[in-house]
Protein chains: 2
Amino acid sequence: MSEDDIADLERLAAHVELPTRAPLFHAGDLARFVYTVTSGTLRLQRDLSDGRRQVIGFAIPGDFIGLSLDETYRFSADALTAVSLCRFDRKDFTSLSHSRQSLLERLHLAATHELTIAQDHMVVLGRRRAEERVAAFVLRWRERLGRINGRSATVGLPMSRQDMADHLGLTIETVSRTMARWMRDRIILDVPGGIRVLDQQRLAAILPD
Amino acid sequence: MSEDDIADLERLAAHVELPTRAPLFHAGDLARFVYTVTSGTLRLQRDLSDGRRQVIGFAIPGDFIGLSLDETYRFSADALTAVSLCRFDRKDFTSLSHSRQSLLERLHLAATHELTIAQDHMVVLGRRRAEERVAAFVLRWRERLGRINGRSATVGLPMSRQDMADHLGLTIETVSRTMARWMRDRIILDVPGGIRVLDQQRLAAILPD
DNA sequence: CTGTGGCCTTGATCAGGATCAAACCGGCGT
DNA sequence: ACGCCGGTTTGATCCTGATCAAGGCCACAG
């Protein structure tokens, strides 16, 4: 983005800080704001009336939240760690994007990128077996973190096993058993707050593409 | 969209006709074009190397195809019926959207709408049981067709059972059995090329939201 | 130090949907 | 008319991952 765009954005931005576990918004709330994450991790989820949950995704620094143009948010967003965000009033944001199409282009880019990720995840949910799902998650999460912090064998997992399960369409037990097996097989190592990938080769080999 | 925009678009548009079963493009092809559907139905899918398939969605009149901004297409698109489309060279399209942000806005709207649909489908794939998945599909498909042709109890299903199965993360047998049961229970009626919804109430009741 | 609660792991059993297998059906060409 | 072929239905059995049920681990409070 250009200097001017950033300057204009700065003028509209409000800074928001959330502690661990705090909700940012709830599905159905009036969608007044758009956010970008500057630090921390959030969980995005949709809930069914009977308690079933689908974790749509996780948001990390650099991600937009709430760029869909509906009246209300279609999912809930909660902080998994302490989080800081830039908040924009959607009305201001929209009118600014009228005057500066470079901003709109950036939004559009973000939206189509999200869409591609969503379609990838459909394949995981629709056609992958349990072990493949967990492998896909670990590998992609590592990749995403790598684009921010630089590649590292140690992968932080701020979400609970339940969150992973609800992201992957599995139960907590299946996720736990799968990762326990990988630890026995020395594919990964348990480290506090995450895992260390010992054998990227074998992990990647679980996933036919 | 404004008159001017449409005029500009007309100038760039090429008309494409596809017969039943013809491919529009294949995943991995260089993404030179963007399309909008003017008539017919297409199937969008991603394939795994071992033959597993995920049908990402179906495109019907009014839909854009290929608005993702990657170098190559990330899924394949095939005609399920005879199809006609408007084809735009992506380079022209992009430069036009620089000059006319209303076009870009429309694209962005389409993209975020697609994204919402994709997230809805994640819930179906991740957390719905077999019967709910089929019900979600029939109800949403009917809804979509209704927005084009007007609501009707008769729902055309141009896709095969295999396509539905691969869309819903099920097998063809499960889809078939589910619909057979609904026919026995007088919830739907088999008509050539589709079904007739006899009892919308009971169908909708299958789906907790 | 000990109790408590949240999360995770591990084991035993169950079941929903997959897989395997066969029959059915309708359209089409000869 | 007939046989063929692809898609679909139906039935029998199997298996992956869900469910049910304990137990373990650790951080934190008293």
# chains A, B, ... in the order shown; residues from 1 in each chain; ligands from 1

call {"tool": "interface_residues", "arguments": {"of": "chain C", "to": "chain B", "cutoff": "10 Å", "atoms": "only C-alpha atoms (C1' of nucleotides)", "output": "list in words"}}
result
DG16, DG17, DA18 and DT19 of chain C

call {"tool": "write_last_selection", "arguments": {"atoms": "C-alpha atoms (C1' of nucleotides)", "output": "PDB file, in the first residue's frame"}}
result
ATOM      1  C1'  DG C  16     -22.863 -43.897  11.038  1.00  0.00           C
ATOM      2  C1'  DG C  17     -21.537 -44.002   6.849  1.00  0.00           C
ATOM      3  C1'  DA C  18     -18.094 -46.358   3.744  1.00  0.00           C
ATOM      4  C1'  DT C  19     -17.170 -50.222   1.131  1.00  0.00           C
TER       5       DT C  19
END

call {"tool": "closest_atom_pairs", "arguments": {"of": "chain B", "to": "chain D", "cutoff": "9 Å", "atoms": "only C-alpha atoms (C1' of nucleotides)", "output": "CSV"}}
result
residue,atom,partner,partner_atom,distance
B:Ser160,CA,D:DG7,C1',8.1
B:Arg161,CA,D:DT8,C1',8.1
B:Ile172,CA,D:DT8,C1',8.8
B:Glu173,CA,D:DT9,C1',8.1
B:Ser176,CA,D:DT9,C1',7.0
B:Arg177,CA,D:DT9,C1',7.7
B:Ala180,CA,D:DT9,C1',8.4

call {"tool": "write_last_selection", "arguments": {"atoms": "C-alpha atoms", "output": "mmCIF file, in the first residue's frame"}}
result
data_model
loop_
_atom_site.group_PDB
_atom_site.id
_atom_site.type_symbol
_atom_site.label_atom_id
_atom_site.label_comp_id
_atom_site.auth_asym_id
_atom_site.auth_seq_id
_atom_site.Cartn_x
_atom_site.Cartn_y
_atom_site.Cartn_z
ATOM 1 C CA SER B 160 -25.171 -36.359 -10.876
ATOM 2 C CA ARG B 161 -25.482 -38.121 -7.516
ATOM 3 C CA ILE B 172 -23.050 -41.774 -3.840
ATOM 4 C CA GLU B 173 -24.794 -44.581 -1.929
ATOM 5 C CA SER B 176 -29.071 -42.106 -2.948
ATOM 6 C CA ARG B 177 -30.372 -43.803 0.193
ATOM 7 C CA ALA B 180 -34.881 -42.641 -1.499
#

call {"tool": "closest_residue", "arguments": {"among": "A:Arg106, A:Lys91, A:Arg52, A:Arg127", "to": "A:Asp163", "atoms": "only C-alpha atoms"}}
result
A:Arg52

call {"tool": "interface_residues", "arguments": {"of": "chain A", "to": "chain B", "cutoff": "7 Å", "atoms": "only C-alpha atoms", "output": "PyMOL selection string"}}
result
chain A and resi 48-49+52+54+56+68-69+101+108-109+111-112+115+118-119+122-123+125-127+168-169+208-209

call {"tool": "write_last_selection", "arguments": {"atoms": "C-alpha atoms", "output": "JSON list (two decimals), in the first residue's frame"}}
result
[["chain", "number", "residue", "atom", "x", "y", "z"],
["A", 48, "LEU", "CA", -25.22, -24.48, 15.49],
["A", 49, "SER", "CA", -28.18, -24.20, 17.82],
["A", 52, "ARG", "CA", -22.02, -28.09, 17.47],
["A", 54, "GLN", "CA", -17.28, -25.16, 13.30],
["A", 56, "ILE", "CA", -13.97, -21.35, 10.30],
["A", 68, "SER", "CA", -17.62, -9.46, 4.29],
["A", 69, "LEU", "CA", -20.19, -6.84, 3.36],
["A", 101, "GLN", "CA", -9.06, 2.18, -5.23],
["A", 108, "HIS", "CA", -10.26, -7.61, -2.81],
["A", 109, "LEU", "CA", -6.92, -9.40, -2.84],
["A", 111, "ALA", "CA", -10.92, -11.59, 0.10],
["A", 112, "THR", "CA", -9.94, -13.79, -2.83],
["A", 115, "LEU", "CA", -11.64, -17.66, -0.56],
["A", 118, "ALA", "CA", -11.64, -21.66, 2.35],
["A", 119, "GLN", "CA", -11.78, -23.85, -0.74],
["A", 122, "MET", "CA", -13.36, -27.71, 1.98],
["A", 123, "VAL", "CA", -11.18, -30.40, 0.44],
["A", 125, "LEU", "CA", -13.22, -31.39, 5.47],
["A", 126, "GLY", "CA", -14.92, -33.19, 2.60],
["A", 127, "ARG", "CA", -12.38, -35.71, 1.44],
["A", 168, "LEU", "CA", -11.06, -30.15, 11.29],
["A", 169, "GLY", "CA", -14.46, -31.77, 11.75],
["A", 208, "PRO", "CA", -1.37, -36.82, -0.97],
["A", 209, "ASP", "CA", -2.08, -33.66, -2.92]]

call {"tool": "calpha_fit_and_write", "arguments": {"fixed": "chain B", "moving": "chain A", "output": "compact mmCIF listing (two decimals) with C-alpha atoms, in the first residue's frame"}}
result
# COMPACT_ATOMS: atom_id res chain seq x y z
CA MET A 1 -23.75 -1.55 -12.32
CA SER A 2 -23.94 1.68 -14.30
CA GLU A 3 -24.68 1.99 -18.04
CA ASP A 4 -21.13 3.13 -18.74
CA ASP A 5 -19.60 0.18 -16.95
CA ILE A 6 -21.75 -2.22 -18.87
CA ALA A 7 -20.83 -0.53 -22.14
CA ASP A 8 -17.11 -0.78 -21.32
CA LEU A 9 -17.52 -4.40 -20.36
CA GLU A 10 -19.38 -5.24 -23.54
CA ARG A 11 -16.43 -3.96 -25.53
CA LEU A 12 -14.07 -6.40 -23.78
CA ALA A 13 -16.38 -9.37 -23.57
CA ALA A 14 -16.08 -12.45 -25.73
CA HIS A 15 -18.95 -14.87 -25.89
CA VAL A 16 -18.25 -18.52 -25.12
CA GLU A 17 -20.53 -21.50 -25.58
CA LEU A 18 -19.84 -24.92 -24.11
CA PRO A 19 -21.70 -28.17 -24.78
CA THR A 20 -22.64 -30.54 -21.99
CA ARG A 21 -19.63 -32.10 -20.26
CA ALA A 22 -17.06 -29.78 -21.86
CA PRO A 23 -14.29 -28.44 -19.63
CA LEU A 24 -13.94 -24.65 -19.30
CA PHE A 25 -10.50 -24.87 -17.71
CA HIS A 26 -8.47 -27.22 -15.60
CA ALA A 27 -6.81 -26.63 -12.21
CA GLY A 28 -3.27 -25.45 -12.82
CA ASP A 29 -4.00 -23.78 -16.17
CA LEU A 30 -2.69 -20.27 -16.59
CA ALA A 31 -5.52 -18.03 -15.41
CA ARG A 32 -5.90 -15.71 -18.40
CA PHE A 33 -9.65 -15.19 -18.20
CA VAL A 34 -12.47 -14.28 -15.88
CA TYR A 35 -15.96 -15.46 -16.76
CA THR A 36 -19.52 -14.71 -15.90
CA VAL A 37 -22.17 -17.32 -16.53
CA THR A 38 -25.13 -16.27 -18.64
CA SER A 39 -26.88 -19.63 -18.92
CA GLY A 40 -26.40 -23.22 -17.82
CA THR A 41 -24.65 -24.82 -14.84
CA LEU A 42 -20.98 -25.58 -14.24
CA ARG A 43 -19.25 -27.76 -11.69
CA LEU A 44 -16.17 -26.42 -9.89
CA GLN A 45 -13.89 -29.01 -8.35
CA ARG A 46 -10.49 -29.74 -6.89
CA ASP A 47 -8.89 -33.17 -7.32
CA LEU A 48 -6.44 -35.08 -5.16
CA SER A 49 -3.72 -37.13 -6.79
CA ASP A 50 -5.32 -40.40 -5.67
CA GLY A 51 -8.64 -39.70 -7.39
CA ARG A 52 -10.57 -38.22 -4.50
CA ARG A 53 -12.56 -35.19 -5.58
CA GLN A 54 -14.09 -32.26 -3.81
CA VAL A 55 -16.76 -30.35 -5.66
CA ILE A 56 -16.14 -26.79 -4.43
CA GLY A 57 -19.42 -25.54 -5.81
CA PHE A 58 -21.65 -25.05 -8.81
CA ALA A 59 -21.87 -21.91 -10.95
CA ILE A 60 -25.18 -20.69 -12.33
CA PRO A 61 -26.20 -17.59 -14.32
CA GLY A 62 -24.98 -14.42 -12.65
CA ASP A 63 -21.96 -16.06 -11.03
CA PHE A 64 -18.37 -15.06 -11.64
CA ILE A 65 -15.77 -17.75 -12.22
CA GLY A 66 -12.07 -17.27 -11.70
CA LEU A 67 -12.04 -13.98 -9.85
CA SER A 68 -9.28 -15.21 -7.57
CA LEU A 69 -6.10 -13.33 -8.40
CA ASP A 70 -3.69 -16.25 -8.59
CA GLU A 71 -1.47 -16.91 -11.59
CA THR A 72 -3.21 -20.21 -12.23
CA TYR A 73 -6.70 -21.54 -11.61
CA ARG A 74 -6.96 -23.42 -8.33
CA PHE A 75 -9.84 -25.62 -9.41
CA SER A 76 -11.32 -27.10 -12.58
CA ALA A 77 -14.57 -25.93 -14.15
CA ASP A 78 -16.75 -28.18 -16.34
CA ALA A 79 -20.12 -27.68 -17.98
CA LEU A 80 -22.89 -29.86 -16.54
CA THR A 81 -25.36 -28.59 -19.13
CA ALA A 82 -24.90 -26.52 -22.26
CA VAL A 83 -23.42 -23.31 -20.96
CA SER A 84 -22.88 -19.80 -22.24
CA LEU A 85 -20.47 -17.37 -20.66
CA CYS A 86 -18.97 -13.95 -21.10
CA ARG A 87 -15.23 -14.17 -21.16
CA PHE A 88 -12.93 -11.29 -20.17
CA ASP A 89 -9.20 -11.14 -20.50
CA ARG A 90 -7.98 -10.75 -16.97
CA LYS A 91 -5.46 -8.07 -17.91
CA ASP A 92 -8.11 -5.89 -19.56
CA PHE A 93 -10.47 -6.62 -16.74
CA THR A 94 -7.98 -5.57 -14.11
CA SER A 95 -7.06 -2.34 -15.88
CA LEU A 96 -10.71 -1.48 -16.40
CA SER A 97 -11.34 -2.02 -12.72
CA HIS A 98 -8.55 0.48 -12.04
CA SER A 99 -10.44 3.18 -13.88
CA ARG A 100 -13.93 2.22 -12.70
CA GLN A 101 -14.00 1.37 -9.07
CA SER A 102 -17.69 0.47 -9.28
CA LEU A 103 -16.63 -2.64 -11.17
CA LEU A 104 -14.05 -3.47 -8.54
CA GLU A 105 -16.68 -2.97 -5.87
CA ARG A 106 -18.96 -5.38 -7.64
CA LEU A 107 -16.15 -7.92 -7.87
CA HIS A 108 -15.34 -7.46 -4.23
CA LEU A 109 -18.98 -7.92 -3.32
CA ALA A 110 -19.07 -11.13 -5.34
CA ALA A 111 -15.89 -12.36 -3.67
CA THR A 112 -17.09 -11.74 -0.12
CA HIS A 113 -20.41 -13.33 -0.96
CA GLU A 114 -18.59 -16.40 -2.26
CA LEU A 115 -16.55 -16.39 0.92
CA THR A 116 -19.67 -16.42 3.07
CA ILE A 117 -21.05 -19.33 1.06
CA ALA A 118 -17.75 -21.16 1.45
CA GLN A 119 -17.85 -20.69 5.20
CA ASP A 120 -21.42 -21.94 5.36
CA HIS A 121 -20.31 -25.00 3.46
CA MET A 122 -17.47 -25.60 5.91
CA VAL A 123 -20.06 -25.97 8.64
CA VAL A 124 -21.92 -28.50 6.50
CA LEU A 125 -18.77 -30.50 5.77
CA GLY A 126 -17.29 -30.26 9.24
CA ARG A 127 -20.23 -30.67 11.55
CA ARG A 128 -23.36 -31.93 9.77
CA ARG A 129 -24.53 -35.56 9.60
CA ALA A 130 -25.30 -37.17 6.26
CA GLU A 131 -29.02 -36.42 6.12
CA GLU A 132 -28.46 -32.82 7.18
CA ARG A 133 -25.87 -32.37 4.45
CA VAL A 134 -28.23 -33.50 1.73
CA ALA A 135 -31.04 -31.36 3.16
CA ALA A 136 -28.76 -28.32 3.31
CA PHE A 137 -27.81 -28.87 -0.29
CA VAL A 138 -31.35 -29.28 -1.61
CA LEU A 139 -32.66 -26.30 0.33
CA ARG A 140 -29.84 -23.97 -0.68
CA TRP A 141 -29.85 -25.10 -4.28
CA ARG A 142 -33.57 -24.48 -4.45
CA GLU A 143 -33.07 -21.05 -2.89
CA ARG A 144 -30.39 -20.16 -5.42
CA LEU A 145 -32.43 -21.28 -8.39
CA GLY A 146 -35.38 -19.43 -6.93
CA ARG A 147 -33.46 -16.15 -7.03
CA ILE A 148 -33.10 -16.59 -10.80
CA ASN A 149 -36.29 -18.27 -11.99
CA GLY A 150 -38.60 -17.48 -9.12
CA ARG A 151 -39.47 -19.94 -6.37
CA SER A 152 -40.85 -23.28 -7.50
CA ALA A 153 -41.49 -26.60 -5.82
CA THR A 154 -39.70 -28.31 -8.70
CA VAL A 155 -35.94 -28.20 -8.32
CA GLY A 156 -33.75 -29.07 -11.28
CA LEU A 157 -30.66 -31.07 -10.39
CA PRO A 158 -28.33 -31.01 -13.40
CA MET A 159 -25.52 -32.62 -11.40
CA SER A 160 -25.17 -36.38 -10.89
CA ARG A 161 -25.48 -38.14 -7.54
CA GLN A 162 -21.72 -38.54 -7.64
CA ASP A 163 -21.32 -34.77 -7.97
CA MET A 164 -23.61 -34.18 -5.00
CA ALA A 165 -21.72 -36.78 -2.98
CA ASP A 166 -18.39 -35.17 -3.85
CA HIS A 167 -19.80 -31.79 -2.91
CA LEU A 168 -21.11 -33.00 0.44
CA GLY A 169 -18.23 -35.25 1.49
CA LEU A 170 -20.41 -38.37 1.23
CA THR A 171 -20.63 -41.41 -1.04
CA ILE A 172 -23.08 -41.79 -3.86
CA GLU A 173 -24.83 -44.59 -1.95
CA THR A 174 -25.49 -42.39 1.07
CA VAL A 175 -26.93 -39.61 -1.09
CA SER A 176 -29.09 -42.10 -2.96
CA ARG A 177 -30.40 -43.81 0.18
CA THR A 178 -31.16 -40.47 1.84
CA MET A 179 -33.22 -39.22 -1.07
CA ALA A 180 -34.91 -42.61 -1.49
CA ARG A 181 -36.05 -42.42 2.13
CA TRP A 182 -37.43 -38.92 1.58
CA MET A 183 -39.38 -40.20 -1.41
CA ARG A 184 -40.88 -43.03 0.64
CA ASP A 185 -41.78 -40.44 3.31
CA ARG A 186 -43.42 -38.17 0.70
CA ILE A 187 -41.05 -35.31 1.49
CA ILE A 188 -39.88 -35.12 -2.11
CA LEU A 189 -41.01 -36.58 -5.41
CA ASP A 190 -38.80 -37.83 -8.20
CA VAL A 191 -39.28 -35.87 -11.43
CA PRO A 192 -37.14 -36.16 -14.56
CA GLY A 193 -34.03 -33.99 -14.25
CA GLY A 194 -34.70 -33.10 -10.64
CA ILE A 195 -37.07 -33.42 -7.73
CA ARG A 196 -40.24 -31.77 -6.51
CA VAL A 197 -40.29 -30.63 -2.90
CA LEU A 198 -43.59 -31.81 -1.39
CA ASP A 199 -42.98 -30.93 2.24
CA GLN A 200 -40.67 -27.96 2.67
CA GLN A 201 -41.48 -27.91 6.40
CA ARG A 202 -40.15 -31.37 7.14
CA LEU A 203 -37.16 -30.85 4.90
CA ALA A 204 -36.23 -27.64 6.69
CA ALA A 205 -36.83 -29.31 10.06
CA ILE A 206 -33.98 -31.74 9.35
CA LEU A 207 -31.56 -28.81 9.64
CA PRO A 208 -30.93 -27.29 13.06
CA ASP A 209 -29.33 -23.91 12.46

call {"tool": "select_by_dssp", "arguments": {"residues": "stretch 7-190 of chain B", "states": "strand (DSSP E or B)", "output": "ChimeraX atom specification"}}
result
/B:14-18,23-25,30,33-39,42-47,53-59,64-65,72,76-79,83-89,154-156,188-190

call {"tool": "write_last_selection", "arguments": {"atoms": "N, CA and C atoms", "output": "short mmCIF file (atom, residue, chain, number, x, y, z; two decimals), in the first residue's frame"}}
result
data_model
loop_
_atom_site.label_atom_id
_atom_site.label_comp_id
_atom_site.auth_asym_id
_atom_site.auth_seq_id
_atom_site.Cartn_x
_atom_site.Cartn_y
_atom_site.Cartn_z
N ALA B 14 -15.96 -11.46 -24.68
CA ALA B 14 -16.09 -12.44 -25.75
C ALA B 14 -17.14 -13.43 -25.30
N HIS B 15 -17.92 -13.92 -26.24
CA HIS B 15 -18.96 -14.85 -25.88
C HIS B 15 -18.44 -16.27 -26.05
N VAL B 16 -18.72 -17.12 -25.07
CA VAL B 16 -18.26 -18.51 -25.12
C VAL B 16 -19.45 -19.43 -24.93
N GLU B 17 -19.50 -20.47 -25.74
CA GLU B 17 -20.55 -21.48 -25.58
C GLU B 17 -19.88 -22.83 -25.35
N LEU B 18 -20.39 -23.56 -24.37
CA LEU B 18 -19.85 -24.89 -24.10
C LEU B 18 -20.98 -25.92 -24.18
N PRO B 23 -15.06 -29.15 -20.64
CA PRO B 23 -14.31 -28.42 -19.62
C PRO B 23 -14.16 -26.96 -20.01
N LEU B 24 -14.22 -26.06 -19.03
CA LEU B 24 -13.95 -24.64 -19.28
C LEU B 24 -12.47 -24.38 -19.07
N PHE B 25 -11.96 -24.87 -17.93
CA PHE B 25 -10.51 -24.85 -17.70
C PHE B 25 -10.20 -25.90 -16.66
N LEU B 30 -2.99 -21.69 -16.73
CA LEU B 30 -2.72 -20.26 -16.59
C LEU B 30 -4.04 -19.50 -16.59
N PHE B 33 -8.33 -15.75 -18.05
CA PHE B 33 -9.68 -15.18 -18.21
C PHE B 33 -10.49 -15.17 -16.92
N VAL B 34 -11.42 -14.25 -16.89
CA VAL B 34 -12.48 -14.26 -15.89
C VAL B 34 -13.78 -14.46 -16.66
N TYR B 35 -14.72 -15.17 -16.07
CA TYR B 35 -15.97 -15.45 -16.76
C TYR B 35 -17.16 -15.03 -15.92
N THR B 36 -18.25 -14.72 -16.59
CA THR B 36 -19.54 -14.69 -15.90
C THR B 36 -20.47 -15.61 -16.66
N VAL B 37 -21.28 -16.33 -15.93
CA VAL B 37 -22.18 -17.30 -16.53
C VAL B 37 -23.44 -16.57 -16.98
N THR B 38 -23.88 -16.84 -18.20
CA THR B 38 -25.16 -16.25 -18.65
C THR B 38 -26.26 -17.30 -18.75
N SER B 39 -25.89 -18.55 -19.04
CA SER B 39 -26.89 -19.62 -18.92
C SER B 39 -26.23 -20.96 -18.69
N LEU B 42 -22.34 -24.96 -14.22
CA LEU B 42 -21.00 -25.57 -14.24
C LEU B 42 -20.68 -26.16 -12.89
N ARG B 43 -19.76 -27.12 -12.92
CA ARG B 43 -19.27 -27.75 -11.68
C ARG B 43 -17.83 -27.29 -11.46
N LEU B 44 -17.54 -26.85 -10.23
CA LEU B 44 -16.18 -26.42 -9.88
C LEU B 44 -15.60 -27.42 -8.90
N GLN B 45 -14.44 -27.95 -9.21
CA GLN B 45 -13.90 -29.00 -8.34
C GLN B 45 -12.40 -28.96 -8.20
N ARG B 46 -11.93 -29.50 -7.09
CA ARG B 46 -10.51 -29.74 -6.89
C ARG B 46 -10.29 -31.24 -6.77
N ASP B 47 -9.18 -31.73 -7.33
CA ASP B 47 -8.90 -33.16 -7.33
C ASP B 47 -7.65 -33.46 -6.53
N ARG B 53 -12.11 -36.42 -4.94
CA ARG B 53 -12.57 -35.19 -5.57
C ARG B 53 -13.36 -34.39 -4.59
N GLN B 54 -13.20 -33.08 -4.57
CA GLN B 54 -14.11 -32.25 -3.80
C GLN B 54 -14.75 -31.27 -4.77
N VAL B 55 -16.07 -31.33 -4.85
CA VAL B 55 -16.78 -30.34 -5.65
C VAL B 55 -16.93 -29.10 -4.77
N ILE B 56 -16.21 -28.04 -5.16
CA ILE B 56 -16.15 -26.77 -4.43
C ILE B 56 -17.50 -26.06 -4.49
N GLY B 57 -18.16 -26.20 -5.62
CA GLY B 57 -19.44 -25.53 -5.80
C GLY B 57 -19.94 -25.68 -7.21
N PHE B 58 -21.08 -25.04 -7.47
CA PHE B 58 -21.66 -25.04 -8.80
C PHE B 58 -21.88 -23.58 -9.20
N ALA B 59 -21.69 -23.28 -10.47
CA ALA B 59 -21.88 -21.90 -10.94
C ALA B 59 -23.11 -21.84 -11.82
N PHE B 64 -19.70 -15.22 -11.08
CA PHE B 64 -18.37 -15.05 -11.64
C PHE B 64 -17.59 -16.34 -11.46
N ILE B 65 -16.70 -16.60 -12.38
CA ILE B 65 -15.79 -17.74 -12.22
C ILE B 65 -14.37 -17.24 -12.45
N THR B 72 -2.56 -19.04 -11.62
CA THR B 72 -3.22 -20.19 -12.24
C THR B 72 -4.55 -20.46 -11.55
N SER B 76 -10.90 -26.85 -11.20
CA SER B 76 -11.34 -27.08 -12.56
C SER B 76 -12.80 -26.72 -12.69
N ALA B 77 -13.19 -26.28 -13.88
CA ALA B 77 -14.58 -25.92 -14.14
C ALA B 77 -15.07 -26.68 -15.36
N ASP B 78 -16.20 -27.38 -15.23
CA ASP B 78 -16.77 -28.17 -16.33
C ASP B 78 -18.25 -27.89 -16.46
N ALA B 79 -18.72 -27.91 -17.70
CA ALA B 79 -20.14 -27.68 -17.98
C ALA B 79 -20.95 -28.92 -17.63
N VAL B 83 -23.73 -24.48 -21.75
CA VAL B 83 -23.43 -23.29 -20.95
C VAL B 83 -23.06 -22.15 -21.89
N SER B 84 -23.50 -20.94 -21.56
CA SER B 84 -22.90 -19.79 -22.24
C SER B 84 -22.34 -18.83 -21.21
N LEU B 85 -21.22 -18.24 -21.57
CA LEU B 85 -20.50 -17.36 -20.66
C LEU B 85 -20.02 -16.12 -21.38
N CYS B 86 -19.73 -15.07 -20.60
CA CYS B 86 -18.98 -13.94 -21.10
C CYS B 86 -17.56 -14.09 -20.60
N ARG B 87 -16.63 -13.97 -21.52
CA ARG B 87 -15.24 -14.15 -21.16
C ARG B 87 -14.51 -12.81 -21.22
N PHE B 88 -13.71 -12.52 -20.20
CA PHE B 88 -12.93 -11.28 -20.17
C PHE B 88 -11.47 -11.63 -19.99
N ASP B 89 -10.64 -10.96 -20.76
CA ASP B 89 -9.21 -11.13 -20.54
C ASP B 89 -8.89 -10.49 -19.20
N THR B 154 -40.53 -27.44 -7.91
CA THR B 154 -39.71 -28.34 -8.71
C THR B 154 -38.29 -27.79 -8.79
N VAL B 155 -37.35 -28.63 -8.39
CA VAL B 155 -35.95 -28.22 -8.31
C VAL B 155 -35.15 -29.04 -9.31
N GLY B 156 -34.58 -28.38 -10.31
CA GLY B 156 -33.75 -29.08 -11.28
C GLY B 156 -32.41 -29.43 -10.67
N ILE B 188 -40.16 -35.60 -0.75
CA ILE B 188 -39.87 -35.15 -2.11
C ILE B 188 -40.45 -36.17 -3.09
N LEU B 189 -40.50 -35.77 -4.34
CA LEU B 189 -41.01 -36.62 -5.41
C LEU B 189 -39.98 -36.60 -6.53
N ASP B 190 -39.74 -37.76 -7.11
CA ASP B 190 -38.78 -37.84 -8.20
C ASP B 190 -39.43 -37.33 -9.48
#

call {"tool": "decode", "arguments": {"residues": "stretch 3-27 of chain C", "atoms": "C-alpha atoms (C1' of nucleotides)", "output": "mmCIF file, in the first residue's frame"}}
result
data_model
loop_
_atom_site.group_PDB
_atom_site.id
_atom_site.type_symbol
_atom_site.label_atom_id
_atom_site.label_comp_id
_atom_site.auth_asym_id
_atom_site.auth_seq_id
_atom_site.Cartn_x
_atom_site.Cartn_y
_atom_site.Cartn_z
ATOM 1 C "C1'" DG C 3 -7.476 -29.924 46.875
ATOM 2 C "C1'" DT C 4 -9.758 -28.364 42.690
ATOM 3 C "C1'" DG C 5 -10.802 -27.627 37.950
ATOM 4 C "C1'" DG C 6 -9.580 -27.426 33.152
ATOM 5 C "C1'" DC C 7 -7.521 -29.673 29.623
ATOM 6 C "C1'" DC C 8 -5.507 -33.626 27.673
ATOM 7 C "C1'" DT C 9 -4.593 -38.566 27.119
ATOM 8 C "C1'" DT C 10 -5.774 -43.344 26.924
ATOM 9 C "C1'" DG C 11 -8.755 -47.366 26.713
ATOM 10 C "C1'" DA C 12 -13.161 -49.923 25.485
ATOM 11 C "C1'" DT C 13 -17.103 -50.087 22.819
ATOM 12 C "C1'" DC C 14 -20.368 -48.407 19.435
ATOM 13 C "C1'" DA C 15 -22.409 -46.790 15.135
ATOM 14 C "C1'" DG C 16 -22.863 -43.897 11.038
ATOM 15 C "C1'" DG C 17 -21.537 -44.002 6.849
ATOM 16 C "C1'" DA C 18 -18.094 -46.358 3.744
ATOM 17 C "C1'" DT C 19 -17.170 -50.222 1.131
ATOM 18 C "C1'" DC C 20 -18.224 -54.241 -1.455
ATOM 19 C "C1'" DA C 21 -21.406 -56.442 -4.406
ATOM 20 C "C1'" DA C 22 -25.335 -57.077 -7.251
ATOM 21 C "C1'" DA C 23 -29.387 -55.821 -9.444
ATOM 22 C "C1'" DC C 24 -32.068 -52.255 -11.750
ATOM 23 C "C1'" DC C 25 -33.375 -48.781 -15.036
ATOM 24 C "C1'" DG C 26 -33.747 -45.889 -19.046
ATOM 25 C "C1'" DG C 27 -31.794 -44.187 -23.197
#
